[in-house]
Amino acid sequence: MAGLWVGAVALVSAGRRGRWPPQLLMRSAALWTLKHVPHYSGQCLIVSRSLCSVGYDPNEKIFDKILIANRGEIACRVIKTCKKMGIKTVAIHSDVDANSVHVKMADEAVCVGPAPTSKSYLNIDAIMEAVKKTRAQAVHPGYGFLSENKEFAKCLAASDVTFIGPDTHAIQAMGDKIESKLLAKKAKVNTIPGFDGVVKDTDEAVRIAREIGYPVMIKASAGGGGKGMRIAWDDEETRDGFRFSSQEAASSFGDDRLLIEKFIDNPRHIEIQVLGDKHGNALWLNERECSVQRRNQKVVEEAPSIFLDPETRRAMGEQAVALAKAVKYSSAGTVEFLMDSKKNFYFLEMNTRLQVEHPVTECITGLDLVQEMIRVAKGYPLRHKQADIPINGWAVECRVYAEDPYKSFGLPSVGRLSQYQEPIHLPGVRVDSGIQPGSDISIYYDPMISKLITYGSDRTEALKRMEDALDNYVIRGVTHNIALLREVIIHSRFVKGDINTKFLSDVYPDGFKGHKLTEKEKNQLLAIASSLFVASQLRAQHFQEHSRMPVIKPQVPNWELSVKLGDEIHTVTASNIGPTFSVEVDGSKLNVTSTWNLASPLLSVNIDGTQRIIQCLSREASGNMNIQFLGTVYQMHILTKLAAELNKFMLEKVAEDTSSILRSPMPGVVVTVSIKPGDMVAEGQEICVIEAMKMQNSMIAGKTGKVKSVHCKAGDTVGEGDLLVELE
């Protein structure tokens with residue numbers, strides 16, 4: 001350990017002298033801070049030869065202590081850069097976050113309240129008291145929570161504490177969707193047609209929507225992150241959209257004002273990263289493609305965009321900078337655009353904060369955006385000119401969520417991480433996370449597990465590395481969306497760059513069903529599962545170094561198996577010589593080789609020269625086995641031929657009739673209940689509304705009938721599968 005410490009200190013010293021890129025330096029800093037803290041693969045991030053010599057200048061007078069007014073992965077991300085710059089850090093946390101990774105990483109930590117965000121991470125008074133108590137000189141807000149709250153920035157300014165972000169004028173101007181659109185027009189930025197005022201009520205919303213012409217987008221004036229946004233195609237959807245958007249906006253931002261604009265069907269979502277200082281300088285740091293979304297929230301991002309040509313990129317960048325200069329913007333920010341198939345682009349909004357997907361920009365430019373934000377906040381001018389900003393290589397980011405992708409492309413899942421292993425042993429991989437084995441994913445906060453980033457010399461290499469990283473990512477204890485992410489990045493449309501904001505609904509019109517196995521892949525899976533079954537049976541016949549007393553012949557030359565996959569039952573014969581199994585699946589012969597380390601969460605398997613990484617999630621004595629293969633989890637039932645014949649006599653469990661009941665599809669809090677016992681409900685009628693991770697979801701009746709009983713009320717916390725309503 002002493003050698004690691006010395007090496008880490010030497011690396012930090014070298015980085016401060018400007019000999020190491022900032023991202024590589026962040027990896028070493030994480031190593032000597034806490035052994036379980038997520039860090040980055042160095043190969044991924046030596047990406048910009050023109051900027052990699054830019055490190056921290058120890059001669060620049062900087063802050064002594066910074067408080068991070070956030071949690072999770074973004075708090076960890078900011079702390080890493082602060083450590084690199086020699087700045088002490090203060091973490092804030094709710095009572096349920098007391099043992100979180102960001103709390104352990106920081107030099108100091110202060111509890112600011114109970115779990116609900118309104119009483120902790122949005123509690124300005126409590127956070128200001130923490131600032132005062134710890135004598136922090138500056139506050140970095142991360143993203144979300146108070147990052148775009150002008151009142152918070154004003155409170156800090158009144159206490160002579162620096163807000164690491166733009167000034168309150170820019171936050172006000174760009175945070176208000178109505179005002180920002182007017183300013184964008186004035187700055188000659190392309191804008192979407194729509195109503196430029198505040199919509200008062202549902203009747204006015206319908207009138208305005210008719211005037212603009214359907215479809216329209218209803219969205220929160222103070223919103224962001226997909227919260228408070230609804231697409232309406234007719235009057236009825238406009239009324240419902242106005243109601244839900246205003247409720248979500250009030251819950252997430254404390255501001256229920258809404259605006260309505262024309263919805264551009266099938267657009268691409270492309271954003272420009274900008275960086276400004278307090279001396280009138282502003283740069284655009286290239287674009288990010290963020291078109292793959294669900295519920296207006298991004299799923300996969302990449303930089304640069306495969307769709308842009310140099311001329312369009314420059315035009316978008318110059319308009320983004322023009323808008324930034326119009327509001328005297330001084331920090332890192334993002335100008336978002338919608339782009340149609342003819343490369344016409346329209347201003348969507350400006351986020352006056354560090355964006356979730358900023359790592360892909362860091363990968364292709366070599367800049368540490370958090371470091372640049374801190375320098376700008378201290379009053380230093382930008383160190384680069386527009387001509388200095390490169391596009392080196394390609395970076396892809398997948399948002400790994402604790403969500404069930406088979407339910408509306410991702411409904412939240414809660415639980416405790418029983419096992420967690422990031423794929424940072426692979427080249428070109430960076431993982432931004434704020435969790436560890438034992439961490440809880442709760443209903444109170446965003447269900448993001450991490451941001452998985454891969455970097456390559458080109459898009460093909462970056463995507464292949466992402467595919468490998470997803471296969472090597474171990475997450476146990478919660479449902480996650482790795483299956484969906486992997487299917488997206490290998491889909492032919494995505495690989496060709498044929499994407500838009502409706503990509504998921506276009507590709508999976510009936511919902512996501514997981515990976516569809518080819519005949520070859522199915523045989524590979526059956527062969528692997530059968531080999532695992534036999535390997536476990538052989539191991540069970542032995543004590544350590546000694547055989548059990550033989551009841552039957554210990555050496556079975558051929559194992560005849562019955563394997564059920566989906567609705568199909570396959571006949572499999574397997575035999576082995578050492579680590580290699582010869583398997584015959586429905587007449588096809590395959591050779592499967594592995595170490596067969598049944599205790600390892602990852603198993604590297606060679607099937608006739610094809611290398612696969614699989615995860616055996618569970619093995620039961622009854623023959624049930626769950627295997628994660630090509631990202632998707634497959635449930636299998638494996639029995640010997642004799643056991644399968646006897647199993648035919650076992651009674652099957654009768655499936656529950658769900659036509660007359662409504663169960664919660666996710667954990668959350670009941671916001672409203674619209675019915676009571678004795679009421680008649682029609683098919684499709686709203687029964688109740690459940691809020692999960694600040695998103696409101698309407699639960700509807702599956703059939704027409706009379707309400708027999710109601711098992712929930714407003715304010716109740718419900719779990720996935722909890723009974724809500726019964727019909728007669």
# chains A, B, ... in the order shown; residues from 1 in each chain; ligands from 1
>>> select_by_dssp(residues="segment 412-518 of chain A", states="alpha helix (DSSP H)", output="ChimeraX atom specification")
/A:459-471,482-490,492-496,503-507
>>> residues_around(residues="segment 385-396 of chain A", least_positions_apart="5", cutoff="8 Å", atoms="only C-alpha atoms", output="mmCIF file with N, CA, C and O atoms, in the first residue's frame")
data_model
loop_
_atom_site.group_PDB
_atom_site.id
_atom_site.type_symbol
_atom_site.label_atom_id
_atom_site.label_comp_id
_atom_site.auth_asym_id
_atom_site.auth_seq_id
_atom_site.Cartn_x
_atom_site.Cartn_y
_atom_site.Cartn_z
ATOM 1 N N VAL A 47 -6.890 11.458 -24.380
ATOM 2 C CA VAL A 47 -7.630 11.598 -25.632
ATOM 3 C C VAL A 47 -7.272 12.829 -26.439
ATOM 4 O O VAL A 47 -7.599 12.906 -27.604
ATOM 5 N N SER A 48 -6.639 13.806 -25.834
ATOM 6 C CA SER A 48 -6.396 15.040 -26.572
ATOM 7 C C SER A 48 -4.937 15.447 -26.452
ATOM 8 O O SER A 48 -4.503 15.965 -25.446
ATOM 9 N N SER A 50 -3.474 17.793 -27.974
ATOM 10 C CA SER A 50 -3.285 19.244 -27.992
ATOM 11 C C SER A 50 -3.591 19.887 -26.658
ATOM 12 O O SER A 50 -3.102 20.961 -26.356
ATOM 13 N N LEU A 51 -4.425 19.222 -25.827
ATOM 14 C CA LEU A 51 -4.808 19.833 -24.552
ATOM 15 C C LEU A 51 -4.348 19.037 -23.337
ATOM 16 O O LEU A 51 -4.509 19.482 -22.216
ATOM 17 N N LEU A 283 -16.649 30.049 -25.598
ATOM 18 C CA LEU A 283 -16.258 29.030 -26.569
ATOM 19 C C LEU A 283 -17.374 28.003 -26.720
ATOM 20 O O LEU A 283 -18.162 27.803 -25.801
ATOM 21 N N TRP A 284 -17.432 27.359 -27.873
ATOM 22 C CA TRP A 284 -18.275 26.170 -28.004
ATOM 23 C C TRP A 284 -17.354 24.962 -28.122
ATOM 24 O O TRP A 284 -16.376 24.968 -28.851
ATOM 25 N N LEU A 285 -17.674 23.930 -27.329
ATOM 26 C CA LEU A 285 -16.803 22.757 -27.203
ATOM 27 C C LEU A 285 -17.377 21.561 -27.950
ATOM 28 O O LEU A 285 -17.408 20.441 -27.436
ATOM 29 N N ASN A 286 -17.876 21.835 -29.151
ATOM 30 C CA ASN A 286 -18.449 20.800 -30.010
ATOM 31 C C ASN A 286 -19.801 20.312 -29.483
ATOM 32 O O ASN A 286 -20.325 20.839 -28.513
ATOM 33 N N VAL A 300 -28.850 7.292 -24.192
ATOM 34 C CA VAL A 300 -27.509 7.127 -24.761
ATOM 35 C C VAL A 300 -27.096 8.454 -25.389
ATOM 36 O O VAL A 300 -27.888 9.085 -26.094
ATOM 37 N N GLU A 301 -25.859 8.865 -25.105
ATOM 38 C CA GLU A 301 -25.324 10.098 -25.692
ATOM 39 C C GLU A 301 -23.962 9.807 -26.317
ATOM 40 O O GLU A 301 -23.281 8.854 -25.914
ATOM 41 N N GLU A 302 -23.583 10.629 -27.282
ATOM 42 C CA GLU A 302 -22.269 10.459 -27.886
ATOM 43 C C GLU A 302 -21.731 11.787 -28.384
ATOM 44 O O GLU A 302 -22.476 12.744 -28.599
ATOM 45 N N ALA A 303 -20.423 11.852 -28.533
ATOM 46 C CA ALA A 303 -19.771 13.035 -29.080
ATOM 47 C C ALA A 303 -18.597 12.559 -29.936
ATOM 48 O O ALA A 303 -17.833 11.693 -29.510
ATOM 49 N N PRO A 304 -18.495 13.104 -31.140
ATOM 50 C CA PRO A 304 -19.408 14.060 -31.774
ATOM 51 C C PRO A 304 -20.652 13.358 -32.327
ATOM 52 O O PRO A 304 -20.862 12.180 -32.045
ATOM 53 N N VAL A 360 -18.567 12.861 -22.172
ATOM 54 C CA VAL A 360 -18.208 12.577 -23.568
ATOM 55 C C VAL A 360 -17.495 13.771 -24.200
ATOM 56 O O VAL A 360 -16.613 13.600 -25.044
ATOM 57 N N THR A 361 -17.861 14.984 -23.764
ATOM 58 C CA THR A 361 -17.162 16.175 -24.249
ATOM 59 C C THR A 361 -15.746 16.207 -23.699
ATOM 60 O O THR A 361 -14.792 16.561 -24.420
ATOM 61 N N CYS A 363 -13.924 13.678 -23.001
ATOM 62 C CA CYS A 363 -13.135 12.655 -23.689
ATOM 63 C C CYS A 363 -12.597 13.134 -25.027
ATOM 64 O O CYS A 363 -11.454 12.853 -25.379
ATOM 65 N N ILE A 364 -13.404 13.862 -25.800
ATOM 66 C CA ILE A 364 -12.956 14.245 -27.146
ATOM 67 C C ILE A 364 -12.208 15.573 -27.175
ATOM 68 O O ILE A 364 -11.609 15.921 -28.194
ATOM 69 N N THR A 365 -12.245 16.332 -26.071
ATOM 70 C CA THR A 365 -11.521 17.609 -26.038
ATOM 71 C C THR A 365 -10.336 17.596 -25.083
ATOM 72 O O THR A 365 -9.416 18.393 -25.229
ATOM 73 N N ILE A 453 -19.032 5.314 -19.743
ATOM 74 C CA ILE A 453 -18.488 6.021 -20.899
ATOM 75 C C ILE A 453 -17.376 5.201 -21.522
ATOM 76 O O ILE A 453 -16.517 4.661 -20.810
ATOM 77 N N THR A 454 -17.407 5.079 -22.834
ATOM 78 C CA THR A 454 -16.296 4.440 -23.540
ATOM 79 C C THR A 454 -15.754 5.391 -24.594
ATOM 80 O O THR A 454 -16.489 6.195 -25.165
ATOM 81 N N TYR A 455 -14.444 5.263 -24.831
ATOM 82 C CA TYR A 455 -13.764 6.143 -25.778
ATOM 83 C C TYR A 455 -12.986 5.298 -26.773
ATOM 84 O O TYR A 455 -12.406 4.270 -26.411
ATOM 85 N N GLY A 456 -12.995 5.722 -28.029
ATOM 86 C CA GLY A 456 -12.224 5.030 -29.055
ATOM 87 C C GLY A 456 -11.695 5.996 -30.081
ATOM 88 O O GLY A 456 -12.066 7.179 -30.106
ATOM 89 N N SER A 457 -10.836 5.504 -30.937
ATOM 90 C CA SER A 457 -10.278 6.365 -31.979
ATOM 91 C C SER A 457 -11.347 6.767 -32.993
ATOM 92 O O SER A 457 -11.236 7.802 -33.651
ATOM 93 N N ASP A 458 -12.400 5.932 -33.110
ATOM 94 C CA ASP A 458 -13.525 6.261 -33.977
ATOM 95 C C ASP A 458 -14.802 5.687 -33.356
ATOM 96 O O ASP A 458 -14.767 5.034 -32.311
ATOM 97 N N ARG A 459 -15.930 5.902 -34.016
ATOM 98 C CA ARG A 459 -17.219 5.482 -33.461
ATOM 99 C C ARG A 459 -17.320 3.963 -33.343
ATOM 100 O O ARG A 459 -17.847 3.436 -32.369
ATOM 101 N N ALA A 462 -15.447 2.852 -30.261
ATOM 102 C CA ALA A 462 -16.132 3.286 -29.045
ATOM 103 C C ALA A 462 -17.358 2.415 -28.769
ATOM 104 O O ALA A 462 -17.624 2.044 -27.619
ATOM 105 N N LEU A 463 -18.109 2.072 -29.815
ATOM 106 C CA LEU A 463 -19.298 1.235 -29.638
ATOM 107 C C LEU A 463 -18.928 -0.198 -29.276
ATOM 108 O O LEU A 463 -19.601 -0.832 -28.453
ATOM 109 N N MET A 466 -18.086 -0.221 -25.727
ATOM 110 C CA MET A 466 -19.296 -0.107 -24.911
ATOM 111 C C MET A 466 -19.984 -1.464 -24.803
ATOM 112 O O MET A 466 -20.459 -1.859 -23.720
#
>>> closest_residue(among="A:Val671, A:Val431, A:Val707, A:Ile475", to="Phe244 of chain A", atoms="only C-alpha atoms")
A:Val671
>>> residues_around(residues="segment 489-504 of chain A", least_positions_apart="3", cutoff="8 Å", atoms="only C-alpha atoms", output="list of chain:residue names")
A:Asn266, A:Pro267, A:Arg268, A:His269, A:Ser291, A:Val292, A:Gln293, A:Arg294, A:Ile306, A:Phe307, A:Phe409, A:Leu463, A:Met466, A:Glu467, A:Leu485, A:Arg486, A:Val507, A:Tyr508, A:Pro509
>>> residues_around(residues="segment 103-108 of chain A", least_positions_apart="5", cutoff="6 Å", atoms="only C-alpha atoms", output="MDAnalysis selection string")
chainID A and resid 89:91
>>> write_last_selection(atoms="C-alpha atoms", output="PDB file, in the first residue's frame")
ATOM      1  CA  THR A  89     -14.457  19.480   0.062  1.00  0.00           C
ATOM      2  CA  VAL A  90     -17.684  19.433   2.067  1.00  0.00           C
ATOM      3  CA  ALA A  91     -20.471  16.975   1.291  1.00  0.00           C
TER       4      ALA A  91
END
>>> select_by_dssp(residues="segment 190-361 of chain A", states="strand (DSSP E or B)", output="PyMOL selection string")
chain A and resi 191+194+199+216-220+229-232+258-262+268-276+282-294+297-303+332-339+345-351
>>> residues_around(residues="Val474 of chain A", least_positions_apart="4", cutoff="8 Å", atoms="only C-alpha atoms", output="ChimeraX atom specification")
/A:419-423,601-602
>>> write_last_selection(atoms="all heavy atoms", output="PDB file, in the first residue's frame")
ATOM      1  N   GLN A 419     -24.242  -7.003  -5.023  1.00  0.00           N
ATOM      2  CA  GLN A 419     -22.944  -7.188  -5.676  1.00  0.00           C
ATOM      3  C   GLN A 419     -22.805  -6.119  -6.744  1.00  0.00           C
ATOM      4  O   GLN A 419     -23.749  -5.822  -7.478  1.00  0.00           O
ATOM      5  CB  GLN A 419     -22.850  -8.589  -6.287  1.00  0.00           C
ATOM      6  CG  GLN A 419     -21.445  -9.015  -6.654  1.00  0.00           C
ATOM      7  CD  GLN A 419     -21.377 -10.507  -6.997  1.00  0.00           C
ATOM      8  OE1 GLN A 419     -22.391 -11.188  -7.111  1.00  0.00           O
ATOM      9  NE2 GLN A 419     -20.179 -11.033  -7.150  1.00  0.00           N
ATOM     10  N   TYR A 420     -21.620  -5.538  -6.830  1.00  0.00           N
ATOM     11  CA  TYR A 420     -21.429  -4.433  -7.781  1.00  0.00           C
ATOM     12  C   TYR A 420     -19.975  -4.413  -8.221  1.00  0.00           C
ATOM     13  O   TYR A 420     -19.060  -4.349  -7.395  1.00  0.00           O
ATOM     14  CB  TYR A 420     -21.805  -3.106  -7.131  1.00  0.00           C
ATOM     15  CG  TYR A 420     -21.695  -1.913  -8.070  1.00  0.00           C
ATOM     16  CD1 TYR A 420     -22.610  -1.742  -9.097  1.00  0.00           C
ATOM     17  CD2 TYR A 420     -20.674  -0.989  -7.933  1.00  0.00           C
ATOM     18  CE1 TYR A 420     -22.515  -0.665  -9.964  1.00  0.00           C
ATOM     19  CE2 TYR A 420     -20.566   0.097  -8.793  1.00  0.00           C
ATOM     20  CZ  TYR A 420     -21.489   0.253  -9.806  1.00  0.00           C
ATOM     21  OH  TYR A 420     -21.389   1.312 -10.673  1.00  0.00           O
ATOM     22  N   GLN A 421     -19.771  -4.472  -9.527  1.00  0.00           N
ATOM     23  CA  GLN A 421     -18.407  -4.498 -10.076  1.00  0.00           C
ATOM     24  C   GLN A 421     -18.400  -3.748 -11.401  1.00  0.00           C
ATOM     25  O   GLN A 421     -19.056  -4.143 -12.360  1.00  0.00           O
ATOM     26  CB  GLN A 421     -17.965  -5.952 -10.266  1.00  0.00           C
ATOM     27  CG  GLN A 421     -16.552  -6.140 -10.774  1.00  0.00           C
ATOM     28  CD  GLN A 421     -16.190  -7.614 -10.850  1.00  0.00           C
ATOM     29  OE1 GLN A 421     -16.307  -8.339  -9.871  1.00  0.00           O
ATOM     30  NE2 GLN A 421     -15.773  -8.059 -12.030  1.00  0.00           N
ATOM     31  N   GLU A 422     -17.656  -2.648 -11.450  1.00  0.00           N
ATOM     32  CA  GLU A 422     -17.594  -1.822 -12.659  1.00  0.00           C
ATOM     33  C   GLU A 422     -16.542  -2.374 -13.626  1.00  0.00           C
ATOM     34  O   GLU A 422     -15.507  -2.898 -13.190  1.00  0.00           O
ATOM     35  CB  GLU A 422     -17.270  -0.377 -12.276  1.00  0.00           C
ATOM     36  CG  GLU A 422     -18.366   0.257 -11.432  1.00  0.00           C
ATOM     37  CD  GLU A 422     -17.995   1.645 -10.913  1.00  0.00           C
ATOM     38  OE1 GLU A 422     -16.800   2.010 -10.993  1.00  0.00           O
ATOM     39  OE2 GLU A 422     -18.887   2.349 -10.406  1.00  0.00           O
ATOM     40  N   PRO A 423     -16.758  -2.219 -14.933  1.00  0.00           N
ATOM     41  CA  PRO A 423     -15.841  -2.803 -15.926  1.00  0.00           C
ATOM     42  C   PRO A 423     -14.622  -1.937 -16.220  1.00  0.00           C
ATOM     43  O   PRO A 423     -14.223  -1.755 -17.376  1.00  0.00           O
ATOM     44  CB  PRO A 423     -16.742  -2.938 -17.162  1.00  0.00           C
ATOM     45  CG  PRO A 423     -17.693  -1.798 -17.044  1.00  0.00           C
ATOM     46  CD  PRO A 423     -17.959  -1.631 -15.564  1.00  0.00           C
ATOM     47  N   PRO A 601     -18.470 -13.746 -10.617  1.00  0.00           N
ATOM     48  CA  PRO A 601     -19.670 -13.120 -11.201  1.00  0.00           C
ATOM     49  C   PRO A 601     -19.619 -13.048 -12.724  1.00  0.00           C
ATOM     50  O   PRO A 601     -20.649 -12.938 -13.378  1.00  0.00           O
ATOM     51  CB  PRO A 601     -19.676 -11.721 -10.578  1.00  0.00           C
ATOM     52  CG  PRO A 601     -18.245 -11.451 -10.229  1.00  0.00           C
ATOM     53  CD  PRO A 601     -17.661 -12.781  -9.848  1.00  0.00           C
ATOM     54  N   LEU A 602     -18.400 -13.098 -13.272  1.00  0.00           N
ATOM     55  CA  LEU A 602     -18.215 -13.063 -14.727  1.00  0.00           C
ATOM     56  C   LEU A 602     -17.554 -14.357 -15.174  1.00  0.00           C
ATOM     57  O   LEU A 602     -16.633 -14.858 -14.525  1.00  0.00           O
ATOM     58  CB  LEU A 602     -17.335 -11.880 -15.143  1.00  0.00           C
ATOM     59  CG  LEU A 602     -17.869 -10.476 -14.889  1.00  0.00           C
ATOM     60  CD1 LEU A 602     -16.788  -9.443 -15.164  1.00  0.00           C
ATOM     61  CD2 LEU A 602     -19.091 -10.186 -15.759  1.00  0.00           C
TER      62      LEU A 602
END
>>> residues_around(residues="Ile638 of chain A", least_positions_apart="2", cutoff="6 Å", atoms="only C-alpha atoms", output="list of chain:residue names")
A:Ser562, A:Val563, A:Gly623
>>> closest_residue(among="A:Phe629, A:Trp559, A:Tyr634, A:Phe63", to="Arg612 of chain A", atoms="only C-alpha atoms")
A:Phe629
